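Have a look at entry-v1.cif; it's mmCIF, C-alpha atoms:
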```cif
data_entry
#
loop_
_atom_site.label_atom_id
_atom_site.label_comp_id
_atom_site.auth_asym_id
_atom_site.auth_seq_id
_atom_site.Cartn_x
_atom_site.Cartn_y
_atom_site.Cartn_z
CA MET A 232 41.85 -7.88 0.76
CA PRO A 233 38.90 -8.42 3.16
CA ASN A 234 35.38 -8.18 1.81
CA LYS A 235 33.62 -4.89 2.42
CA ARG A 236 30.93 -5.13 5.08
CA PRO A 237 27.44 -4.35 3.78
CA LEU A 238 26.13 -0.93 4.77
CA ILE A 239 22.52 -0.90 5.94
CA HIS A 240 20.44 2.16 6.69
CA LEU A 241 18.11 1.55 9.63
CA MET A 242 15.10 3.85 9.79
CA TYR A 243 12.71 3.98 12.74
CA THR A 244 9.30 5.42 11.91
CA GLY A 245 7.55 4.48 15.14
CA GLY A 246 5.14 1.75 16.15
CA THR A 247 4.98 -0.87 18.88
CA ILE A 248 8.54 -2.09 18.46
CA GLY A 249 10.04 1.08 19.91
CA SER A 250 7.20 2.04 22.20
CA VAL A 251 7.00 2.39 25.94
CA GLU A 252 3.82 2.13 27.95
CA LEU A 253 2.79 5.46 29.43
CA PRO A 254 1.72 5.50 33.09
CA HIS A 255 -1.89 5.65 34.28
CA GLY A 256 -3.29 3.84 31.23
CA GLY A 257 -1.86 6.29 28.72
CA GLY A 258 -1.27 3.55 26.13
CA LEU A 259 1.79 2.92 23.98
CA HIS A 260 3.84 5.87 22.78
CA PRO A 261 6.66 5.71 20.18
CA ILE A 262 10.13 6.75 21.29
CA ASP A 263 13.52 7.09 19.58
CA PHE A 264 16.04 4.51 18.39
CA GLU A 265 18.31 4.74 21.44
CA HIS A 266 15.69 2.73 23.27
CA LEU A 267 15.99 -0.01 20.64
CA HIS A 268 19.77 -0.16 20.81
CA GLN A 269 19.71 -0.65 24.57
CA HIS A 270 17.49 -3.70 24.17
CA ILE A 271 19.28 -5.20 21.14
CA PRO A 272 22.99 -5.02 21.96
CA GLU A 273 23.53 -7.76 19.35
CA LEU A 274 23.21 -5.06 16.69
CA GLY A 275 26.85 -4.26 17.38
CA ARG A 276 27.89 -7.88 16.78
CA LEU A 277 26.46 -8.23 13.27
CA ASP A 278 28.98 -8.34 10.42
CA VAL A 279 27.22 -5.32 8.98
CA ASP A 280 27.74 -1.58 9.16
CA ILE A 281 24.54 0.06 10.38
CA GLU A 282 23.69 3.72 10.07
CA VAL A 283 20.61 4.96 11.87
CA VAL A 284 18.76 7.57 9.82
CA SER A 285 15.93 9.87 10.79
CA ALA A 286 12.43 9.36 9.46
CA GLY A 287 11.13 12.44 11.23
CA GLN A 288 9.21 12.41 14.47
CA PRO A 289 8.23 8.80 15.35
CA LYS A 290 4.50 8.20 15.10
CA ASP A 291 1.92 5.48 15.45
CA SER A 292 1.47 3.74 12.10
CA SER A 293 -2.23 4.65 12.06
CA ASP A 294 -1.05 8.26 11.59
CA MET A 295 0.97 7.43 8.45
CA ARG A 296 0.18 9.54 5.39
CA PRO A 297 1.34 9.53 1.75
CA ALA A 298 3.76 12.33 2.67
CA ASP A 299 5.47 9.94 5.12
CA TRP A 300 5.77 7.30 2.40
CA ALA A 301 7.24 9.92 0.07
CA GLY A 302 9.82 10.85 2.70
CA MET A 303 10.96 7.22 3.01
CA ALA A 304 11.06 6.84 -0.77
CA LYS A 305 13.11 10.04 -1.13
CA HIS A 306 15.73 8.78 1.33
CA ILE A 307 15.98 5.40 -0.38
CA PHE A 308 16.23 6.97 -3.84
CA SER A 309 18.92 9.42 -2.71
CA ASN A 310 21.05 6.70 -1.10
CA HIS A 311 20.34 3.83 -3.50
CA GLY A 312 23.79 4.00 -5.05
CA SER A 313 25.83 4.12 -1.86
CA VAL A 314 23.91 1.88 0.57
CA ASP A 315 23.56 -1.90 0.32
CA GLY A 316 20.12 -2.16 1.87
CA PHE A 317 17.42 -0.47 3.92
CA VAL A 318 15.49 -1.66 6.97
CA ILE A 319 12.43 0.28 8.09
CA LEU A 320 11.02 -0.26 11.58
CA HIS A 321 7.30 0.35 11.28
CA GLY A 322 4.08 -0.16 13.19
CA THR A 323 2.14 -3.27 12.22
CA ASP A 324 -1.30 -1.78 11.63
CA THR A 325 -0.53 -0.04 8.32
CA MET A 326 2.67 -1.80 7.30
CA ALA A 327 0.91 -3.40 4.32
CA TYR A 328 -0.05 0.03 2.99
CA THR A 329 3.46 1.46 3.41
CA ALA A 330 5.13 -1.57 1.84
CA SER A 331 2.75 -1.40 -1.12
CA ALA A 332 3.30 2.33 -1.53
CA LEU A 333 7.09 2.02 -1.55
CA SER A 334 6.92 -0.77 -4.12
CA PHE A 335 5.09 1.58 -6.50
CA MET A 336 7.03 4.74 -5.66
CA LEU A 337 10.43 3.09 -6.22
CA GLN A 338 10.34 1.43 -9.63
CA GLY A 339 13.50 -0.30 -10.82
CA LEU A 340 14.66 -0.95 -7.26
CA ARG A 341 17.85 -3.00 -7.08
CA LYS A 342 18.48 -2.90 -3.35
CA PRO A 343 16.54 -4.58 -0.54
CA VAL A 344 13.99 -2.54 1.38
CA VAL A 345 12.77 -4.60 4.35
CA LEU A 346 10.03 -3.44 6.69
CA THR A 347 9.59 -5.05 10.08
CA GLY A 348 8.10 -4.39 13.48
CA SER A 349 6.70 -6.31 16.41
CA GLN A 350 3.57 -7.27 18.27
CA LEU A 351 5.19 -6.57 21.66
CA PRO A 352 7.38 -3.57 22.55
CA ILE A 353 11.11 -4.23 22.47
CA GLY A 354 11.33 -3.75 26.25
CA LYS A 355 9.03 -6.69 27.01
CA ILE A 356 10.78 -9.94 27.97
CA ARG A 357 8.82 -11.98 25.42
CA THR A 358 9.10 -9.43 22.61
CA ASP A 359 9.16 -10.69 19.05
CA GLY A 360 10.88 -7.47 17.96
CA LYS A 361 14.44 -8.54 18.70
CA GLU A 362 14.47 -11.47 16.28
CA ASN A 363 12.52 -9.50 13.68
CA VAL A 364 15.05 -6.64 13.65
CA LEU A 365 18.16 -8.82 13.62
CA SER A 366 16.85 -11.09 10.87
CA ALA A 367 15.54 -8.19 8.78
CA ILE A 368 19.02 -6.67 8.82
CA GLU A 369 20.59 -10.01 7.90
CA VAL A 370 18.14 -10.38 5.00
CA ALA A 371 18.91 -6.86 3.77
CA ALA A 372 22.66 -7.55 3.96
CA THR A 373 22.54 -10.87 2.06
CA GLN A 374 24.41 -10.77 -1.23
CA HIS A 375 25.34 -13.21 -3.96
CA GLU A 376 28.58 -12.46 -5.80
CA GLY A 377 28.45 -8.88 -4.57
CA VAL A 378 24.85 -8.31 -5.69
CA PRO A 379 21.91 -8.00 -3.24
CA LEU A 380 19.85 -11.17 -3.31
CA LEU A 381 16.65 -9.25 -2.50
CA GLN A 382 15.82 -6.43 -4.91
CA GLU A 383 12.34 -5.40 -3.88
CA VAL A 384 10.24 -4.08 -1.01
CA ALA A 385 9.57 -6.87 1.48
CA VAL A 386 8.25 -7.43 4.98
CA TYR A 387 10.01 -9.67 7.49
CA PHE A 388 7.91 -10.97 10.36
CA GLU A 389 8.13 -14.01 12.62
CA TYR A 390 10.62 -16.07 10.62
CA LYS A 391 9.13 -15.30 7.21
CA LEU A 392 9.92 -12.82 4.46
CA PHE A 393 6.98 -11.67 2.32
CA ARG A 394 6.60 -9.53 -0.78
CA GLY A 395 5.50 -6.20 0.63
CA ASN A 396 2.58 -5.58 -1.72
CA ARG A 397 1.15 -9.06 -1.10
CA ILE A 398 0.72 -9.11 2.67
CA ARG A 399 -2.31 -8.72 4.90
CA LYS A 400 -2.33 -8.37 8.68
CA TYR A 401 -4.68 -11.03 9.96
CA SER A 402 -4.07 -11.11 13.73
CA THR A 403 -3.79 -8.57 16.52
CA GLU A 404 -2.57 -11.20 18.98
CA HIS A 405 -0.40 -13.82 17.25
CA PHE A 406 3.27 -13.27 16.53
CA HIS A 407 2.45 -14.73 13.10
CA ALA A 408 0.57 -11.55 12.31
CA TYR A 409 0.83 -11.54 8.50
CA VAL A 410 -0.12 -13.80 5.64
CA SER A 411 0.49 -13.64 1.91
CA PRO A 412 -2.65 -15.31 0.52
CA ASN A 413 -1.76 -15.24 -3.17
CA TYR A 414 2.03 -15.42 -3.28
CA PRO A 415 4.62 -17.73 -1.70
CA VAL A 416 7.01 -16.49 0.97
CA LEU A 417 10.32 -15.08 -0.28
CA ALA A 418 12.37 -16.65 2.49
CA GLU A 419 12.06 -18.56 5.76
CA ALA A 420 14.40 -18.30 8.72
CA GLY A 421 15.46 -21.38 10.61
CA VAL A 422 19.02 -22.32 11.46
CA ASP A 423 19.79 -20.52 8.20
CA ILE A 424 17.73 -18.09 6.14
CA GLN A 425 16.52 -20.03 3.10
CA PHE A 426 15.52 -17.86 0.14
CA ASN A 427 12.92 -18.95 -2.39
CA ALA A 428 14.90 -17.83 -5.44
CA ALA A 429 12.07 -18.53 -7.89
CA ALA A 430 9.76 -16.15 -6.03
CA LEU A 431 12.09 -13.15 -5.92
CA TRP A 432 11.21 -10.13 -8.05
CA ARG A 433 13.72 -8.80 -10.55
CA PRO A 434 13.21 -5.31 -11.98
CA LYS A 435 13.20 -4.73 -15.70
CA ALA A 436 16.10 -2.91 -17.32
CA GLY A 437 16.38 0.78 -16.61
CA GLU A 438 17.34 3.23 -13.92
CA LEU A 439 15.63 3.52 -10.56
CA GLN A 440 12.68 5.90 -10.72
CA SER A 441 11.25 7.84 -7.81
CA LEU A 442 7.51 8.44 -8.29
CA PRO A 443 6.28 9.80 -4.96
CA GLU A 444 3.18 11.62 -6.19
CA MET A 445 -0.06 10.13 -4.89
CA ASP A 446 -3.68 11.20 -4.94
CA ALA A 447 -5.79 9.77 -2.12
CA ALA A 448 -9.15 10.58 -3.77
CA VAL A 449 -10.10 6.89 -3.71
CA LEU A 450 -13.44 5.61 -2.43
CA PRO A 451 -13.48 2.01 -1.13
CA LEU A 452 -16.92 0.39 -1.23
CA ARG A 453 -17.44 -3.02 0.37
CA LEU A 454 -20.65 -4.57 -0.92
CA PHE A 455 -22.93 -6.55 1.38
CA PRO A 456 -26.28 -8.33 0.99
CA GLY A 457 -29.10 -5.81 1.24
CA ILE A 458 -26.99 -2.69 0.75
CA PRO A 459 -29.50 0.14 0.05
CA SER A 460 -29.43 1.68 -3.41
CA SER A 461 -29.61 5.11 -1.79
CA LEU A 462 -26.06 4.63 -0.51
CA TYR A 463 -24.76 4.42 -4.08
CA GLU A 464 -26.41 7.71 -4.90
CA GLN A 465 -25.01 9.42 -1.81
CA MET A 466 -21.51 8.17 -2.54
CA GLY A 467 -21.79 9.40 -6.08
CA LEU A 468 -22.46 12.96 -4.98
CA SER A 469 -18.82 13.70 -4.14
CA ARG A 470 -17.05 15.30 -7.08
CA SER A 471 -13.67 14.81 -5.42
CA VAL A 472 -13.68 11.03 -5.98
CA ARG A 473 -11.37 9.98 -8.80
CA ALA A 474 -11.32 6.21 -8.24
CA VAL A 475 -13.61 3.61 -6.66
CA VAL A 476 -12.49 0.23 -5.34
CA LEU A 477 -15.42 -2.18 -5.18
CA GLU A 478 -14.98 -5.16 -2.87
CA THR A 479 -17.22 -7.68 -4.57
CA PHE A 480 -18.23 -11.23 -3.68
CA GLY A 481 -16.30 -14.34 -4.67
CA PHE A 482 -15.18 -14.32 -8.30
CA GLY A 483 -16.38 -10.71 -8.71
CA ASN A 484 -20.12 -10.86 -8.19
CA ALA A 485 -22.35 -8.04 -6.98
CA PRO A 486 -26.06 -7.49 -6.35
CA PHE A 487 -27.83 -7.27 -9.70
CA ASP A 488 -29.15 -3.89 -8.68
CA SER A 489 -29.99 -1.25 -11.24
CA GLY A 490 -29.03 1.46 -8.75
CA LEU A 491 -25.50 0.10 -8.47
CA MET A 492 -25.10 -0.42 -12.20
CA GLU A 493 -26.43 3.08 -12.95
CA GLN A 494 -24.02 4.61 -10.44
CA ILE A 495 -21.09 2.72 -11.96
CA GLU A 496 -22.08 4.08 -15.38
CA ARG A 497 -22.23 7.60 -13.99
CA TRP A 498 -18.80 7.25 -12.40
CA LEU A 499 -17.28 5.95 -15.62
CA GLN A 500 -18.89 8.66 -17.72
CA ALA A 501 -17.46 11.25 -15.34
CA GLY A 502 -13.96 9.84 -15.84
CA VAL A 503 -13.81 8.02 -12.49
CA PHE A 504 -11.71 4.86 -12.46
CA VAL A 505 -13.75 1.93 -11.12
CA MET A 506 -12.13 -1.38 -10.25
CA GLN A 507 -13.27 -4.48 -8.44
CA ILE A 508 -11.43 -6.90 -6.19
CA SER A 509 -12.71 -9.88 -4.27
CA GLN A 510 -13.66 -9.93 -0.62
CA CYS A 511 -12.01 -13.35 -0.53
CA TRP A 512 -8.38 -13.21 0.54
CA HIS A 513 -7.29 -16.15 -1.61
CA GLY A 514 -7.81 -16.57 -5.33
CA SER A 515 -8.36 -14.27 -8.26
CA LEU A 516 -11.34 -12.56 -9.87
CA SER A 517 -13.17 -14.18 -12.75
CA PRO A 518 -15.99 -11.66 -13.25
CA GLY A 519 -17.35 -13.28 -16.41
CA LYS A 520 -18.12 -16.52 -14.60
CA TYR A 521 -21.55 -15.42 -13.35
CA LYS A 522 -24.22 -13.08 -14.69
CA THR A 523 -23.81 -10.29 -12.12
CA GLY A 524 -20.05 -10.23 -12.49
CA LYS A 525 -20.30 -10.18 -16.28
CA ALA A 526 -22.63 -7.17 -16.12
CA MET A 527 -19.94 -5.19 -14.29
CA GLN A 528 -17.30 -6.42 -16.71
CA ASP A 529 -19.44 -5.29 -19.67
CA LEU A 530 -19.75 -1.82 -18.14
CA GLY A 531 -15.97 -1.48 -18.13
CA VAL A 532 -15.18 -2.09 -14.45
CA PHE A 533 -11.47 -2.87 -14.14
CA ASN A 534 -10.51 -6.41 -13.10
CA GLY A 535 -8.27 -6.19 -10.01
CA ARG A 536 -7.21 -9.84 -10.37
CA ASP A 537 -5.79 -11.07 -7.04
CA LEU A 538 -4.70 -7.71 -5.65
CA SER A 539 -5.02 -7.39 -1.89
CA PHE A 540 -7.22 -4.58 -0.64
CA GLU A 541 -4.22 -2.62 0.61
CA ALA A 542 -2.28 -2.97 -2.65
CA ALA A 543 -5.37 -2.14 -4.74
CA LEU A 544 -6.11 1.02 -2.80
CA VAL A 545 -2.53 2.27 -2.76
CA LYS A 546 -1.94 1.41 -6.42
CA CYS A 547 -5.01 3.50 -7.31
CA MET A 548 -3.50 6.38 -5.33
CA HIS A 549 -0.25 5.92 -7.24
CA ALA A 550 -1.96 5.78 -10.64
CA LEU A 551 -4.01 8.90 -9.89
CA GLY A 552 -0.83 10.68 -8.88
CA GLN A 553 0.81 9.86 -12.20
CA ALA A 554 -2.04 10.31 -14.70
CA ASP A 555 -4.84 12.81 -15.21
CA GLU A 556 -6.87 10.93 -17.80
CA LEU A 557 -8.82 7.73 -17.19
CA SER A 558 -6.95 5.95 -20.01
CA GLY A 559 -3.62 6.72 -18.33
CA VAL A 560 -4.86 5.47 -14.98
CA ARG A 561 -6.09 2.23 -16.56
CA ALA A 562 -2.75 1.72 -18.31
CA ILE A 563 -0.84 2.04 -15.04
CA MET A 564 -3.24 -0.24 -13.20
CA ASN A 565 -2.86 -2.85 -15.94
CA ARG A 566 0.94 -2.97 -15.50
CA ASN A 567 2.46 -5.46 -13.09
CA ILE A 568 4.75 -2.89 -11.50
CA ALA A 569 6.37 -4.86 -8.68
CA GLY A 570 4.79 -8.30 -8.64
CA GLU A 571 1.60 -7.10 -6.96
CA PHE A 572 -0.73 -9.38 -8.94
CA THR A 573 -0.53 -12.78 -10.59
CA GLU A 574 -0.37 -12.86 -14.38
CA PHE A 575 -2.21 -15.70 -16.08
#
```

Structure encoded using structure tokens:
Amino acid sequence: MPNKRPLIHLMYTGGTIGSVELPHGGGLHPIDFEHLHQHIPELGRLDVDIEVVSAGQPKDSSDMRPADWAGMAKHIFSNHGSVDGFVILHGTDTMAYTASALSFMLQGLRKPVVLTGSQLPIGKIRTDGKENVLSAIEVAATQHEGVPLLQEVAVYFEYKLFRGNRIRKYSTEHFHAYVSPNYPVLAEAGVDIQFNAAALWRPKAGELQSLPEMDAAVLPLRLFPGIPSSLYEQMGLSRSVRAVVLETFGFGNAPFDSGLMEQIERWLQAGVFVMQISQCWHGSLSPGKYKTGKAMQDLGVFNGRDLSFEAALVKCMHALGQADELSGVRAIMNRNIAGEFTEF
């Protein structure tokens, strides 16, 4: 009896890969999947069954909202038992946010969810989109003894497969647009696709959970030399803020400024979750290493370890959507949900 062909759901959300250039300098505008199929006839030659599913009206990725992430998560959750894998075609600008969000919304995932896109529209002769789409589908269809080899949210781009909540977009011009500063690649594509088995995430025991609720009441604050104390006070005026992400220097240092420390205390006393991450892309926080970092640690500022900015922000949104009390938010942030930080 012949082996059953893997069934992959292909979802187009918008972005450069399916865009056409509007006349008279109108810029790039997302269009539907039929445009993609015309330019990638090889889709019909893959040893995979592909079903194209709707993700709503295509949009530029800069217009993505938590409701869009929830819609993707709902589709994946509803079809998790009957589909072998999912490929999401997405704009590059906010792909790191979407990939992070899906990794937190879909806990216990046992099927591949692969996001990809392109730097050039699929209609351009030199487009990178064609290879990205074909390889992303091949990755999502790869199985070992009937079990998907990839069981997490990942991003495929320019011959590399990354953990979705570890990536950062670093270039607007290069085809190698993404890096994963604190985690190795999951696979590399050459003549064959070589998986890094030791780097693959495996969910803990239990059923797949769909947790789409998010609260975007998160204030990011990037510190810089000479930042006026008055800015802290102004930022603290908003009563709608439920979490603050401080981008600190190096190992977790900050200006030893009484205005900053007093504002952090006020936030914490008001039940606001305050965490710090590093402005450095590579490496982890060690806030107790220097005096200024230790002062923040002593106040109770949460150590974001080696979380990327995108993963830190979206994980805060996830935690706020799941918990009302500060203790509950801290407990969620302290859990390594989908391999988003390195445990030491």

Handout entry: CA of Val410 (chain A) to CA of Ala327 (chain A), straight-line distance in Å
Key = 10.5 Å

Exercise for the section: Identify, on the basis of only C-alpha atoms, every residue whose closest approach to Ser285 (chain A) does not exceed 10 Å; exclude the query and any residue fewer than 4 positions from it along the same chain; express the result as a list in words. Expected result: His240, Leu241, Met242, Tyr243, Thr244, Asp263, Phe264, Pro289, Met303 and His306 of chain A

Exercise for the section: Check which residues satisfy the PyMOL selection byres ((chain A and resi 482-493) around 9) in the file shown, then give them as an NGL selection string. Expected result: :A and (454-461 or 463-464 or 478-481 or 494-498 or 507-511 or 514-527 or 530 or 534)

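We find CA of Glu383 (chain A) and CA of Arg341 (chain A) to be spaced 6.8 Å apart.
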
Exercise for the section: Give me, please, the distance in Å between CA of Thr403 (chain A) and CA of Ala447 (chain A), quoted to one decimal. Expected result: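 Calculated distance between CA of Thr403 (chain A) and CA of Ala447 (chain A) is 26.2 Å.
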
Practice task
Name the closest residue to Gly275 (chain A) among the candidates A:Ile368, A:Met564, A:Ala550, A:Leu417; distances are taken between atoms, counting only C-alpha atoms.
Solution key: A:Ile368

Care to translate the PyMOL selection byres ((chain A and resi 298) around 12) into actual residues of this file, as a compact mmCIF listing (two decimals) with C-alpha atoms, keeping the file's coordinate frame?
```txt
# COMPACT_ATOMS: atom_id res chain seq x y z
CA ALA A 286 12.43 9.36 9.46
CA GLY A 287 11.13 12.44 11.23
CA ASP A 294 -1.05 8.26 11.59
CA MET A 295 0.97 7.43 8.45
CA ARG A 296 0.18 9.54 5.39
CA PRO A 297 1.34 9.53 1.75
CA ASP A 299 5.47 9.94 5.12
CA TRP A 300 5.77 7.30 2.40
CA ALA A 301 7.24 9.92 0.07
CA GLY A 302 9.82 10.85 2.70
CA MET A 303 10.96 7.22 3.01
CA ALA A 304 11.06 6.84 -0.77
CA LYS A 305 13.11 10.04 -1.13
CA THR A 329 3.46 1.46 3.41
CA ALA A 332 3.30 2.33 -1.53
CA LEU A 333 7.09 2.02 -1.55
CA MET A 336 7.03 4.74 -5.66
CA PRO A 443 6.28 9.80 -4.96
CA GLU A 444 3.18 11.62 -6.19
CA MET A 445 -0.06 10.13 -4.89
CA ASP A 446 -3.68 11.20 -4.94
CA ALA A 447 -5.79 9.77 -2.12
```

Problem - Residues matched by the PyMOL selection byres ((chain A and resi 360) around 10) as a list in words - result: Thr247, Ile248, Gly249, Leu267, His270, Ile271, Leu320, Thr347, Gly348, Ser349, Gln350, Leu351, Pro352, Ile353, Gly354, Lys355, Arg357, Thr358, Asp359, Lys361, Glu362, Asn363, Val364, Leu365, Ser366, Phe388, Glu389 and Phe406 of chain A

Exercise for the section: Find, counting all atoms listed in the file, the residue in A:Gly531, A:Gly570, A:Gly245, A:Pro412 that gets nearest to Leu346 (chain A). Expected result: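 Closest to Leu346 (chain A), using all atoms listed in the file: A:Gly245.
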
Exercise for the section: For Gly377 (chain A), please output as number ranges by chain all residues within 10 Å (counting only C-alpha atoms; exclusion window: fewer than 2 positions along the same chain). Expected result: A: 234-235, 237, 315, 373-375, 379-380

Practice task
Give the answer as one residue: which of A:Arg236, A:Arg561, A:His513, A:His311 has the shortest atom-to-atom distance to Ile281 (chain A), using all atoms listed in the file?
Solution key: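 Under the stated criterion, the closest residue is A:Arg236.
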
Handout entry: Residues within 7 Å of (4.3, -11.4, 0.9), counting all atoms listed in the file, listed as number ranges by chain
Key = A: 385-386, 392-398, 410-411, 414-416

Those residues you just picked out, can you put them in a file as a PDB file, keeping the file's coordinate frame with C-alpha atoms?
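Heads up, here's the output in part20.pdb:
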```pdb
ATOM      1  CA  ALA A 385       9.570  -6.870   1.480  1.00  0.00           C
ATOM      2  CA  VAL A 386       8.250  -7.430   4.980  1.00  0.00           C
ATOM      3  CA  LEU A 392       9.920 -12.820   4.460  1.00  0.00           C
ATOM      4  CA  PHE A 393       6.980 -11.670   2.320  1.00  0.00           C
ATOM      5  CA  ARG A 394       6.600  -9.530  -0.780  1.00  0.00           C
ATOM      6  CA  GLY A 395       5.500  -6.200   0.630  1.00  0.00           C
ATOM      7  CA  ASN A 396       2.580  -5.580  -1.720  1.00  0.00           C
ATOM      8  CA  ARG A 397       1.150  -9.060  -1.100  1.00  0.00           C
ATOM      9  CA  ILE A 398       0.720  -9.110   2.670  1.00  0.00           C
ATOM     10  CA  VAL A 410      -0.120 -13.800   5.640  1.00  0.00           C
ATOM     11  CA  SER A 411       0.490 -13.640   1.910  1.00  0.00           C
ATOM     12  CA  TYR A 414       2.030 -15.420  -3.280  1.00  0.00           C
ATOM     13  CA  PRO A 415       4.620 -17.730  -1.700  1.00  0.00           C
ATOM     14  CA  VAL A 416       7.010 -16.490   0.970  1.00  0.00           C
TER      15      VAL A 416
END
```

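The list of residues with at least one atom within 7 Å of region 419-424 of chain A, based on all atoms listed in the file and without residues fewer than 2 positions apart in the same chain, reads Tyr390, Lys391, Leu392 and Phe426 of chain A.
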
Handout entry: Neighbour list for Val505 (chain A) as a ChimeraX atom specification, cut-off 8 Å, only C-alpha atoms, skip fewer than 3 positions in-chain
Key = /A:474-477,495,498-499,532-533

Handout entry: Contacts of Leu442 (chain A) within 8 Å, all atoms listed in the file, excl. fewer than 2 positions in-chain, as number ranges by chain
Key = A: 335-338, 440, 444, 553
